[in-house]
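Have a look at start_39.csv; it's CSV, C-alpha atoms and all ligand atoms:
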```
chain,number,residue,atom,x,y,z
A,1,MET,CA,-7.2,12.4,-3.1
A,2,SER,CA,-5.5,15.3,-4.9
A,3,LEU,CA,-5.9,15.9,-8.6
A,4,SER,CA,-3.4,18.1,-10.2
A,5,LEU,CA,-4.4,20.6,-12.9
A,6,HIS,CA,-0.7,21.1,-13.8
A,7,ALA,CA,1.9,18.9,-15.4
A,8,GLU,CA,3.0,16.4,-12.8
A,9,ASP,CA,6.3,16.8,-11.2
A,10,GLY,CA,9.0,15.0,-13.1
A,11,LEU,CA,6.9,14.7,-16.3
A,12,ASP,CA,9.3,14.7,-19.2
A,13,ARG,CA,7.4,17.3,-21.2
A,14,GLY,CA,8.1,17.0,-24.9
A,15,GLY,CA,10.8,14.5,-24.0
A,16,ALA,CA,10.8,12.2,-27.0
A,17,GLY,CA,12.8,9.7,-25.3
A,18,THR,CA,10.7,8.3,-22.4
A,19,PRO,CA,7.7,6.0,-23.0
A,20,LEU,CA,4.4,6.8,-21.3
A,21,LEU,CA,2.4,3.9,-22.9
A,22,GLU,CA,3.8,0.7,-24.3
A,23,ALA,CA,1.3,-1.5,-26.0
A,24,ARG,CA,2.6,-5.0,-26.6
A,25,THR,CA,0.9,-7.4,-29.0
A,26,LEU,CA,-2.5,-6.0,-28.2
A,27,THR,CA,-5.2,-8.2,-29.7
A,28,LYS,CA,-9.0,-7.9,-29.8
A,29,HIS,CA,-11.2,-10.3,-31.8
A,30,PHE,CA,-15.0,-10.0,-31.8
A,31,PRO,CA,-16.7,-13.4,-32.1
A,32,LEU,CA,-19.7,-13.3,-34.5
A,33,GLY,CA,-21.0,-16.8,-33.9
A,34,ARG,CA,-20.6,-20.0,-36.0
A,35,GLY,CA,-16.8,-19.7,-35.4
A,36,ALA,CA,-16.5,-16.4,-37.4
A,37,VAL,CA,-14.3,-13.8,-35.7
A,38,VAL,CA,-13.6,-10.2,-36.6
A,39,ARG,CA,-9.8,-9.7,-36.1
A,40,ALA,CA,-10.3,-6.0,-35.2
A,41,VAL,CA,-6.9,-5.6,-33.6
A,42,ASP,CA,-4.4,-8.3,-34.3
A,43,GLY,CA,-1.1,-8.1,-32.4
A,44,VAL,CA,-0.5,-4.4,-32.4
A,45,ASP,CA,2.8,-3.0,-30.9
A,46,PHE,CA,3.4,0.6,-30.3
A,47,THR,CA,4.9,3.1,-27.8
A,48,VAL,CA,3.7,6.6,-27.0
A,49,MET,CA,6.4,8.9,-25.7
A,50,LYS,CA,5.8,11.3,-22.8
A,51,GLY,CA,4.6,14.7,-24.1
A,52,GLU,CA,4.1,13.6,-27.8
A,53,THR,CA,1.1,13.3,-30.0
A,54,LEU,CA,0.8,10.0,-31.8
A,55,GLY,CA,-1.5,10.3,-34.8
A,56,VAL,CA,-3.3,7.1,-35.9
A,57,VAL,CA,-4.6,6.8,-39.5
A,58,GLY,CA,-6.0,4.1,-41.7
A,59,GLU,CA,-9.1,3.3,-43.7
A,60,SER,CA,-12.4,2.8,-41.9
A,61,GLY,CA,-12.6,-0.5,-40.1
A,62,CYS,CA,-8.8,-1.0,-39.8
A,63,GLY,CA,-9.1,-1.1,-36.0
A,64,LYS,CA,-8.2,2.5,-34.8
A,65,SER,CA,-11.2,2.9,-32.5
A,66,THR,CA,-10.9,-0.7,-31.1
A,67,THR,CA,-7.3,0.0,-30.4
A,68,ALA,CA,-8.3,3.2,-28.5
A,69,ARG,CA,-11.0,1.3,-26.6
A,70,VAL,CA,-8.6,-1.4,-25.5
A,71,VAL,CA,-6.0,1.2,-24.6
A,72,MET,CA,-8.6,2.9,-22.5
A,73,GLN,CA,-9.6,-0.5,-21.1
A,74,LEU,CA,-13.2,0.2,-22.0
A,75,ILE,CA,-13.0,-3.3,-23.5
A,76,PRO,CA,-10.4,-5.9,-22.4
A,77,GLN,CA,-7.8,-7.2,-24.8
A,78,ASP,CA,-7.8,-10.9,-25.6
A,79,GLU,CA,-4.0,-10.9,-25.6
A,80,GLY,CA,-1.2,-8.5,-25.0
A,81,GLN,CA,-0.1,-6.2,-22.3
A,82,MET,CA,0.1,-2.5,-21.7
A,83,LEU,CA,2.7,-0.7,-19.6
A,84,PHE,CA,1.9,2.8,-18.4
A,85,ASP,CA,5.0,4.7,-17.2
A,86,GLY,CA,6.7,1.4,-16.8
A,87,GLU,CA,3.9,-0.3,-14.7
A,88,ALA,CA,1.7,-3.1,-16.1
A,89,VAL,CA,-1.9,-1.8,-16.4
A,90,GLY,CA,-4.1,-3.8,-14.0
A,91,SER,CA,-1.3,-4.9,-11.8
A,92,SER,CA,-0.9,-4.4,-8.1
A,93,ALA,CA,1.4,-1.4,-8.9
A,94,LEU,CA,-1.1,0.2,-11.2
A,95,SER,CA,-4.8,-0.8,-10.7
A,96,LEU,CA,-7.3,-0.3,-13.4
A,97,LYS,CA,-8.9,2.5,-11.3
A,98,ASP,CA,-5.7,4.4,-11.0
A,99,TYR,CA,-4.9,3.9,-14.7
A,100,ARG,CA,-8.4,5.1,-15.8
A,101,ARG,CA,-7.8,8.3,-13.9
A,102,GLN,CA,-4.6,8.9,-15.9
A,103,ALA,CA,-6.0,8.0,-19.3
A,104,GLN,CA,-9.0,9.8,-20.7
A,105,MET,CA,-10.8,9.9,-24.0
A,106,VAL,CA,-12.7,12.4,-26.2
A,107,PHE,CA,-15.1,11.0,-28.8
A,108,GLN,CA,-16.4,12.4,-32.1
A,109,ASP,CA,-20.0,12.8,-31.0
A,110,SER,CA,-19.9,15.8,-28.6
A,111,PHE,CA,-23.6,15.5,-27.7
A,112,ALA,CA,-23.7,11.7,-27.0
A,113,SER,CA,-20.7,12.1,-24.6
A,114,LEU,CA,-22.6,14.4,-22.3
A,115,ASN,CA,-25.6,13.7,-20.0
A,116,PRO,CA,-28.3,15.9,-21.3
A,117,ARG,CA,-29.8,16.2,-17.8
A,118,LEU,CA,-26.6,17.6,-16.2
A,119,THR,CA,-25.5,21.2,-16.4
A,120,ILE,CA,-22.1,21.7,-18.0
A,121,GLU,CA,-20.3,22.2,-14.7
A,122,ASP,CA,-22.0,19.2,-13.2
A,123,SER,CA,-20.8,17.1,-16.1
A,124,ILE,CA,-17.3,18.2,-15.7
A,125,ALA,CA,-17.4,17.8,-11.9
A,126,PHE,CA,-18.9,14.3,-12.1
A,127,GLY,CA,-15.6,12.4,-12.6
A,128,PRO,CA,-13.7,14.0,-9.7
A,129,MET,CA,-16.7,13.5,-7.4
A,130,VAL,CA,-16.8,9.8,-8.3
A,131,HIS,CA,-13.1,9.8,-7.3
A,132,GLY,CA,-13.8,11.3,-4.0
A,133,VAL,CA,-13.4,15.1,-4.5
A,134,PRO,CA,-16.1,17.0,-2.5
A,135,LYS,CA,-18.7,18.7,-4.6
A,136,SER,CA,-17.6,22.2,-3.8
A,137,GLY,CA,-14.0,21.5,-4.9
A,138,ALA,CA,-15.2,19.6,-8.0
A,139,ILE,CA,-17.4,22.6,-9.1
A,140,LEU,CA,-14.5,25.0,-8.6
A,141,ARG,CA,-12.3,22.8,-10.7
A,142,ALA,CA,-15.0,22.5,-13.4
A,143,ARG,CA,-15.2,26.3,-13.6
A,144,ASP,CA,-11.5,26.7,-13.8
A,145,LEU,CA,-11.4,24.1,-16.6
A,146,LEU,CA,-14.2,25.8,-18.5
A,147,ALA,CA,-12.1,29.0,-18.5
A,148,ARG,CA,-9.1,27.1,-19.7
A,149,VAL,CA,-10.9,25.6,-22.7
A,150,GLY,CA,-12.1,29.1,-23.6
A,151,LEU,CA,-15.7,29.1,-22.2
A,152,ASP,CA,-16.6,31.8,-19.8
A,153,PRO,CA,-17.8,30.0,-16.6
A,154,ALA,CA,-20.2,32.8,-15.8
A,155,ARG,CA,-22.0,32.2,-19.1
A,156,PHE,CA,-21.6,28.5,-19.6
A,157,ALA,CA,-21.4,26.6,-16.2
A,158,ALA,CA,-25.2,26.4,-15.6
A,159,ARG,CA,-26.2,25.7,-19.2
A,160,TYR,CA,-27.2,22.3,-20.6
A,161,PRO,CA,-25.5,20.5,-23.5
A,162,HIS,CA,-28.3,21.3,-26.0
A,163,GLU,CA,-27.8,25.0,-25.4
A,164,LEU,CA,-24.2,24.8,-26.8
A,165,SER,CA,-22.8,24.6,-30.3
A,166,GLY,CA,-20.9,21.5,-31.4
A,167,GLY,CA,-17.6,23.3,-30.9
A,168,GLN,CA,-18.5,24.5,-27.5
A,169,ARG,CA,-19.7,21.0,-26.5
A,170,GLN,CA,-16.4,19.6,-27.6
A,171,ARG,CA,-14.6,22.1,-25.5
A,172,VAL,CA,-16.7,20.9,-22.6
A,173,ASN,CA,-15.8,17.3,-23.4
A,174,ILE,CA,-12.1,18.3,-23.4
A,175,ALA,CA,-12.6,20.0,-20.0
A,176,ARG,CA,-14.3,16.9,-18.7
A,177,ALA,CA,-11.5,14.7,-19.9
A,178,LEU,CA,-9.0,16.9,-18.1
A,179,ALA,CA,-10.9,17.0,-14.8
A,180,LEU,CA,-9.2,14.0,-13.3
A,181,GLY,CA,-5.7,15.3,-14.2
A,182,PRO,CA,-4.9,12.7,-16.8
A,183,ARG,CA,-1.5,12.2,-18.4
A,184,LEU,CA,-2.8,10.5,-21.6
A,185,VAL,CA,-5.7,11.7,-23.6
A,186,ILE,CA,-7.1,9.7,-26.6
A,187,LEU,CA,-8.9,11.9,-29.1
A,188,ASP,CA,-10.9,9.6,-31.4
A,189,GLU,CA,-12.1,11.7,-34.4
A,190,ALA,CA,-12.6,14.5,-31.7
A,191,VAL,CA,-12.6,17.3,-34.3
A,192,SER,CA,-14.0,15.5,-37.2
A,193,ALA,CA,-17.6,16.7,-36.8
A,194,LEU,CA,-16.7,20.3,-36.5
A,195,ASP,CA,-16.7,23.1,-39.2
A,196,LYS,CA,-13.3,23.8,-40.5
A,197,SER,CA,-12.9,27.1,-38.7
A,198,VAL,CA,-14.0,25.6,-35.4
A,199,GLU,CA,-11.9,22.6,-36.0
A,200,ALA,CA,-8.8,24.8,-36.3
A,201,GLN,CA,-9.6,26.6,-33.1
A,202,VAL,CA,-10.1,23.3,-31.2
A,203,LEU,CA,-6.8,21.9,-32.6
A,204,ASN,CA,-5.0,25.0,-31.4
A,205,LEU,CA,-6.7,24.7,-28.0
A,206,LEU,CA,-5.6,21.0,-27.8
A,207,MET,CA,-2.0,22.0,-28.6
A,208,ASP,CA,-2.0,24.7,-25.9
A,209,LEU,CA,-3.5,22.3,-23.4
A,210,ARG,CA,-0.9,19.7,-24.2
A,211,GLU,CA,1.8,22.2,-23.3
A,212,GLU,CA,0.0,23.6,-20.3
A,213,PHE,CA,-0.8,20.3,-18.6
A,214,GLY,CA,2.1,18.2,-20.0
A,215,LEU,CA,-0.3,15.9,-21.8
A,216,THR,CA,0.4,13.1,-24.1
A,217,TYR,CA,-2.1,12.5,-27.0
A,218,ILE,CA,-3.2,9.6,-29.2
A,219,PHE,CA,-5.0,11.4,-32.0
A,220,ILE,CA,-7.2,9.3,-34.3
A,221,SER,CA,-8.4,10.9,-37.5
A,222,HIS,CA,-9.4,10.2,-41.1
A,223,ASP,CA,-8.1,13.7,-42.0
A,224,LEU,CA,-4.4,13.2,-43.0
A,225,ASN,CA,-3.8,17.0,-43.1
A,226,VAL,CA,-5.1,17.4,-39.6
A,227,VAL,CA,-2.9,14.5,-38.4
A,228,ARG,CA,0.1,16.0,-40.1
A,229,PHE,CA,-0.6,19.3,-38.3
A,230,ILE,CA,-1.0,18.0,-34.8
A,231,SER,CA,1.2,14.9,-34.6
A,232,ASP,CA,4.8,14.3,-33.7
A,233,ARG,CA,4.7,10.7,-34.9
A,234,VAL,CA,2.1,8.8,-36.9
A,235,MET,CA,1.0,5.1,-36.8
A,236,VAL,CA,-0.6,3.6,-40.0
A,237,MET,CA,-3.0,0.7,-39.5
A,238,TYR,CA,-4.3,-1.8,-42.0
A,239,LEU,CA,-6.7,-4.5,-41.2
A,240,GLY,CA,-6.0,-4.7,-37.5
A,241,GLU,CA,-2.2,-4.4,-37.8
A,242,VAL,CA,0.4,-1.6,-37.7
A,243,VAL,CA,2.1,-1.3,-41.1
A,244,GLU,CA,4.2,1.8,-40.6
A,245,ILE,CA,5.1,4.1,-37.7
A,246,GLY,CA,7.5,7.0,-37.4
A,247,PRO,CA,8.1,10.8,-37.2
A,248,VAL,CA,5.4,12.7,-39.0
A,249,GLU,CA,7.4,14.6,-41.6
A,250,GLU,CA,9.6,11.6,-42.4
A,251,LEU,CA,6.6,9.4,-42.9
A,252,TYR,CA,4.6,12.0,-45.0
A,253,ASP,CA,7.6,13.0,-47.1
A,254,ASP,CA,9.0,9.5,-47.7
A,255,PRO,CA,6.4,6.8,-47.0
A,256,ARG,CA,7.9,3.4,-47.2
A,257,HIS,CA,5.0,1.0,-46.9
A,258,PRO,CA,3.0,0.7,-50.1
A,259,TYR,CA,-0.2,1.2,-48.1
A,260,THR,CA,1.1,4.4,-46.6
A,261,LYS,CA,2.1,5.6,-50.0
A,262,ALA,CA,-1.4,4.9,-51.4
A,263,LEU,CA,-3.2,6.4,-48.4
A,264,LEU,CA,-1.1,9.6,-48.7
A,265,SER,CA,-1.5,9.8,-52.5
A,266,ALA,CA,-5.3,10.0,-51.9
A,267,MET,CA,-4.8,12.9,-49.5
A,268,PRO,CA,-5.9,16.3,-50.9
A,269,SER,CA,-2.6,18.2,-50.9
A,270,MET,CA,-2.5,21.9,-49.9
A,271,ASP,CA,0.3,22.3,-52.4
A,272,PRO,CA,-0.4,21.2,-56.0
A,273,ASP,CA,3.3,20.8,-56.7
A,274,ASN,CA,3.6,18.4,-53.9
A,275,ARG,CA,1.1,15.7,-55.0
A,276,THR,CA,2.5,12.2,-55.2
A,277,MET,CA,2.2,10.2,-58.3
A,278,GLU,CA,1.6,6.9,-56.5
A,279,ALA,CA,-1.5,4.9,-57.6
A,280,PRO,CA,-4.4,5.6,-55.3
A,281,LEU,CA,-5.9,2.7,-53.4
A,282,ALA,CA,-7.7,0.1,-55.5
A,283,GLY,CA,-10.7,-1.8,-54.2
A,284,ASP,CA,-12.1,-2.1,-50.7
A,285,PRO,CA,-10.1,-3.4,-47.7
A,286,PRO,CA,-10.4,-7.1,-47.4
A,287,ASN,CA,-12.7,-8.6,-44.8
A,288,PRO,CA,-11.3,-8.6,-41.2
A,289,ILE,CA,-13.2,-11.8,-40.6
A,290,ASN,CA,-11.0,-13.6,-43.1
A,291,PRO,CA,-7.9,-11.5,-43.7
A,292,PRO,CA,-5.4,-12.6,-46.4
A,293,GLU,CA,-2.4,-14.7,-45.5
A,294,GLY,CA,1.1,-13.1,-45.4
A,295,CYS,CA,1.0,-9.4,-45.7
A,296,ARG,CA,-2.6,-8.4,-45.4
A,297,PHE,CA,-2.2,-5.6,-48.0
A,298,HIS,CA,-0.8,-7.9,-50.7
A,299,PRO,CA,-4.0,-8.3,-52.7
A,300,ARG,CA,-4.1,-4.5,-53.3
A,301,CYS,CA,-0.4,-3.9,-53.4
A,302,PRO,CA,1.2,-2.8,-56.7
A,303,GLN,CA,4.6,-4.1,-55.6
A,304,ALA,CA,3.4,-7.5,-54.3
A,305,GLN,CA,5.7,-10.5,-54.9
A,306,THR,CA,5.4,-14.1,-54.1
A,307,ILE,CA,6.6,-13.9,-50.6
A,308,CYS,CA,4.0,-11.3,-49.7
A,309,SER,CA,1.2,-13.8,-49.9
A,310,LYS,CA,3.1,-16.3,-47.9
A,311,ALA,CA,4.9,-14.7,-45.0
A,312,LYS,CA,3.9,-11.9,-42.7
A,313,PRO,CA,6.5,-9.1,-42.8
A,314,ALA,CA,7.7,-7.9,-39.4
A,315,LEU,CA,8.0,-4.2,-38.5
A,316,THR,CA,11.5,-3.4,-39.5
A,317,PRO,CA,13.6,-0.1,-39.0
A,318,VAL,CA,13.7,1.9,-42.2
A,319,GLY,CA,15.0,5.3,-43.2
A,320,ALA,CA,16.9,7.2,-40.5
A,321,GLY,CA,16.0,4.4,-38.1
A,322,GLN,CA,13.3,6.0,-36.1
A,323,ARG,CA,10.7,4.6,-38.4
A,324,LEU,CA,9.4,1.1,-38.7
A,325,ALA,CA,7.6,-0.4,-41.7
A,326,ALA,CA,6.2,-3.9,-42.2
A,327,CYS,CA,7.0,-4.6,-45.9
A,328,HIS,CA,9.2,-7.4,-47.3
A,329,MET,CA,10.5,-4.9,-49.8
A,330,GLU,CA,12.0,-2.8,-47.0
A,331,ILE,CA,13.8,-5.6,-45.3
A,332,PRO,CA,17.5,-4.9,-45.7
A,333,GLY,CA,19.2,-7.4,-48.0
A,334,SER,CA,16.0,-8.6,-49.5
A,335,GLY,CA,17.0,-7.1,-52.8
A,336,HIS,CA,13.4,-6.1,-53.4
A,337,SER,CA,12.5,-9.8,-53.6
A,338,ARG,CA,12.2,-12.6,-51.2
A,339,ALA,CA,13.8,-11.8,-47.9
A,340,PRO,CA,16.3,-14.5,-47.0
A,341,ALA,CA,15.3,-14.5,-43.3
A,342,LEU,CA,11.7,-15.2,-44.2
A,343,GLU,CA,12.3,-18.0,-46.7
A,344,ASP,CA,11.7,-20.6,-44.1
A,345,ALA,CA,8.4,-19.2,-43.2
A,346,ALA,CA,7.2,-19.2,-46.8
B,1,LIG,N1,-18.4,-4.7,-31.0
B,1,LIG,C1,-18.0,-5.2,-32.2
B,1,LIG,N2,-18.5,-6.4,-32.6
B,1,LIG,C2,-18.1,-6.9,-33.8
B,1,LIG,N3,-17.3,-6.2,-34.7
B,1,LIG,C3,-16.8,-5.1,-34.3
B,1,LIG,C4,-17.1,-4.5,-33.0
B,1,LIG,N4,-16.5,-3.3,-32.9
B,1,LIG,C5,-15.8,-3.1,-34.0
B,1,LIG,N5,-16.0,-4.2,-34.9
B,1,LIG,C6,-15.3,-4.4,-36.2
B,1,LIG,O1,-13.9,-4.4,-36.0
B,1,LIG,C7,-13.3,-3.8,-37.1
B,1,LIG,C8,-12.5,-2.6,-36.6
B,1,LIG,O2,-13.4,-1.6,-36.2
B,1,LIG,P1,-13.0,-0.1,-35.7
B,1,LIG,O3,-14.2,0.6,-35.3
B,1,LIG,O4,-11.9,-0.4,-34.6
B,1,LIG,O5,-12.2,0.5,-36.9
B,1,LIG,P2,-11.9,2.0,-37.2
B,1,LIG,O6,-10.6,2.0,-38.0
B,1,LIG,O7,-11.9,2.8,-36.0
B,1,LIG,O8,-13.0,2.4,-38.2
B,1,LIG,P3,-13.7,3.9,-38.4
B,1,LIG,O9,-12.6,4.7,-39.0
B,1,LIG,O10,-14.8,3.7,-39.4
B,1,LIG,O11,-14.1,4.3,-37.1
B,1,LIG,C9,-14.4,-3.4,-38.1
B,1,LIG,O12,-14.5,-4.5,-39.0
B,1,LIG,C10,-15.6,-3.4,-37.2
B,1,LIG,O13,-16.8,-3.7,-37.9
```

Could you write out this file's structure as structure tokens?
Amino acid sequence: MSLSLHAEDGLDRGGAGTPLLEARTLTKHFPLGRGAVVRAVDGVDFTVMKGETLGVVGESGCGKSTTARVVMQLIPQDEGQMLFDGEAVGSSALSLKDYRRQAQMVFQDSFASLNPRLTIEDSIAFGPMVHGVPKSGAILRARDLLARVGLDPARFAARYPHELSGGQRQRVNIARALALGPRLVILDEAVSALDKSVEAQVLNLLMDLREEFGLTYIFISHDLNVVRFISDRVMVMYLGEVVEIGPVEELYDDPRHPYTKALLSAMPSMDPDNRTMEAPLAGDPPNPINPPEGCRFHPRCPQAQTICSKAKPALTPVGAGQRLAACHMEIPGSGHSRAPALEDAA
């Protein structure tokens, strides 16, 4: 098989208009016994465009990592479907094996992701060898990738993970993720464990690699400043659901969902004149085993009205139209009260 180290022919680099990944009503529940179920991901819909970075934010436990693991097919979804470049993942047109080559993931823990008994070059070469690349070719590719992530192959190829710093190990993990020539890379808190100066270097490296290889990223992070820096669009999750998604500057400058407003108001602003006056989030997120009826955010929402506890708001276009928010108050014609279209559901 041939594994390209360059953007694939025909890849719409930076083309905001063509979907690479379409996730439709993805659902993942974890049974806990005695009928209890954690609704970790509950009917999530989103699209990632070719060449873009989609940031994913939300409080701990809202389902970011589970969404990533389902997208990677590390765990199967209970319901829902994914299309990758227009083909259903797991279909005869796109087998799971082919899909897994094209979608790769980098995790937060740079050490746990690497086999301590393998040298750096062997770790990077492992994936291509599993996919049938001869060892000599896989090692050459590994050394090339080491150089591309800023590690001199002559110095680093024969070292072991424990001989590297956290930042160097994460560069190795990035090289390893790129070894199979993926088109989609999921970065799950991939820079969160790094010192700020190292984090900035790795973020710049990720942006360079995205251009060089025509990659598409899903970037999961608790750090809203980092997400703003690297993302083209941002998806906000709350208790297993998407509550808002849209272009990064639009969403940060004019958040529409009350949860997004509260989340951003808790963000340490670089600019003291630019801090929002929204109330910060009160209380802990409710339990994903027994989420509230209607809008799941309503028990903590300063704008909640009667409808919010009764009917689930659908993701609805807001603002300039490239953004969606799931809030009854944003549904056109609702007059900031009960939305007529939802009266029946109440
Ligand atoms: N294997 C599992 N079994 C049972 N519950 C799980 C499992 N994996 C995740 N969960 C639960 O699913 C919910 C979503 O977890 P997930 O790790 O996806 O959230 P997250 O937003 O990534 O959180 P964090 O930011 O802390 O990583 C949480 O309540 C979590 O405890």

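Among the candidate residues A:Ile220, A:Ala23, A:Ala326, A:Met207, the one lying nearest to ligand LIG 1 (chain B) is A:Ile220, with distances computed using all atoms listed in the file.
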
Counting all atoms listed in the file, find the residues whose atoms lie at most 9 Å from (4.8, -4.5, -37.8) (file coordinates) and write them out as a CSV table (one decimal) with C-alpha atoms, in the coordinates of the input.
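What ended up in part-v2.csv:
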```
chain,number,residue,atom,x,y,z
A,43,GLY,CA,-1.1,-8.1,-32.4
A,44,VAL,CA,-0.5,-4.4,-32.4
A,45,ASP,CA,2.8,-3.0,-30.9
A,241,GLU,CA,-2.2,-4.4,-37.8
A,242,VAL,CA,0.4,-1.6,-37.7
A,243,VAL,CA,2.1,-1.3,-41.1
A,244,GLU,CA,4.2,1.8,-40.6
A,245,ILE,CA,5.1,4.1,-37.7
A,312,LYS,CA,3.9,-11.9,-42.7
A,313,PRO,CA,6.5,-9.1,-42.8
A,314,ALA,CA,7.7,-7.9,-39.4
A,315,LEU,CA,8.0,-4.2,-38.5
A,316,THR,CA,11.5,-3.4,-39.5
A,324,LEU,CA,9.4,1.1,-38.7
A,325,ALA,CA,7.6,-0.4,-41.7
A,326,ALA,CA,6.2,-3.9,-42.2
A,327,CYS,CA,7.0,-4.6,-45.9
```

Residues within 7 Å of ligand LIG 1 (chain B), counting all atoms listed in the file: report them as a ChimeraX atom specification.
-> /A:30-32,38-40,58-67,222,240,288

Distance in Å - CA of Phe111 in chain A versus CA of Asp98 in chain A = 26.9 Å

Looking at only C-alpha atoms, which of A:Gly246, A:Gly321, A:Gly137, A:Gly166 is the one that sits closest to Ser110 in chain A?
-> A:Gly166

Work out how far apart CA of Leu281 in chain A and CA of Val41 in chain A are and give it in Å to one decimal.
-> 21.5 Å
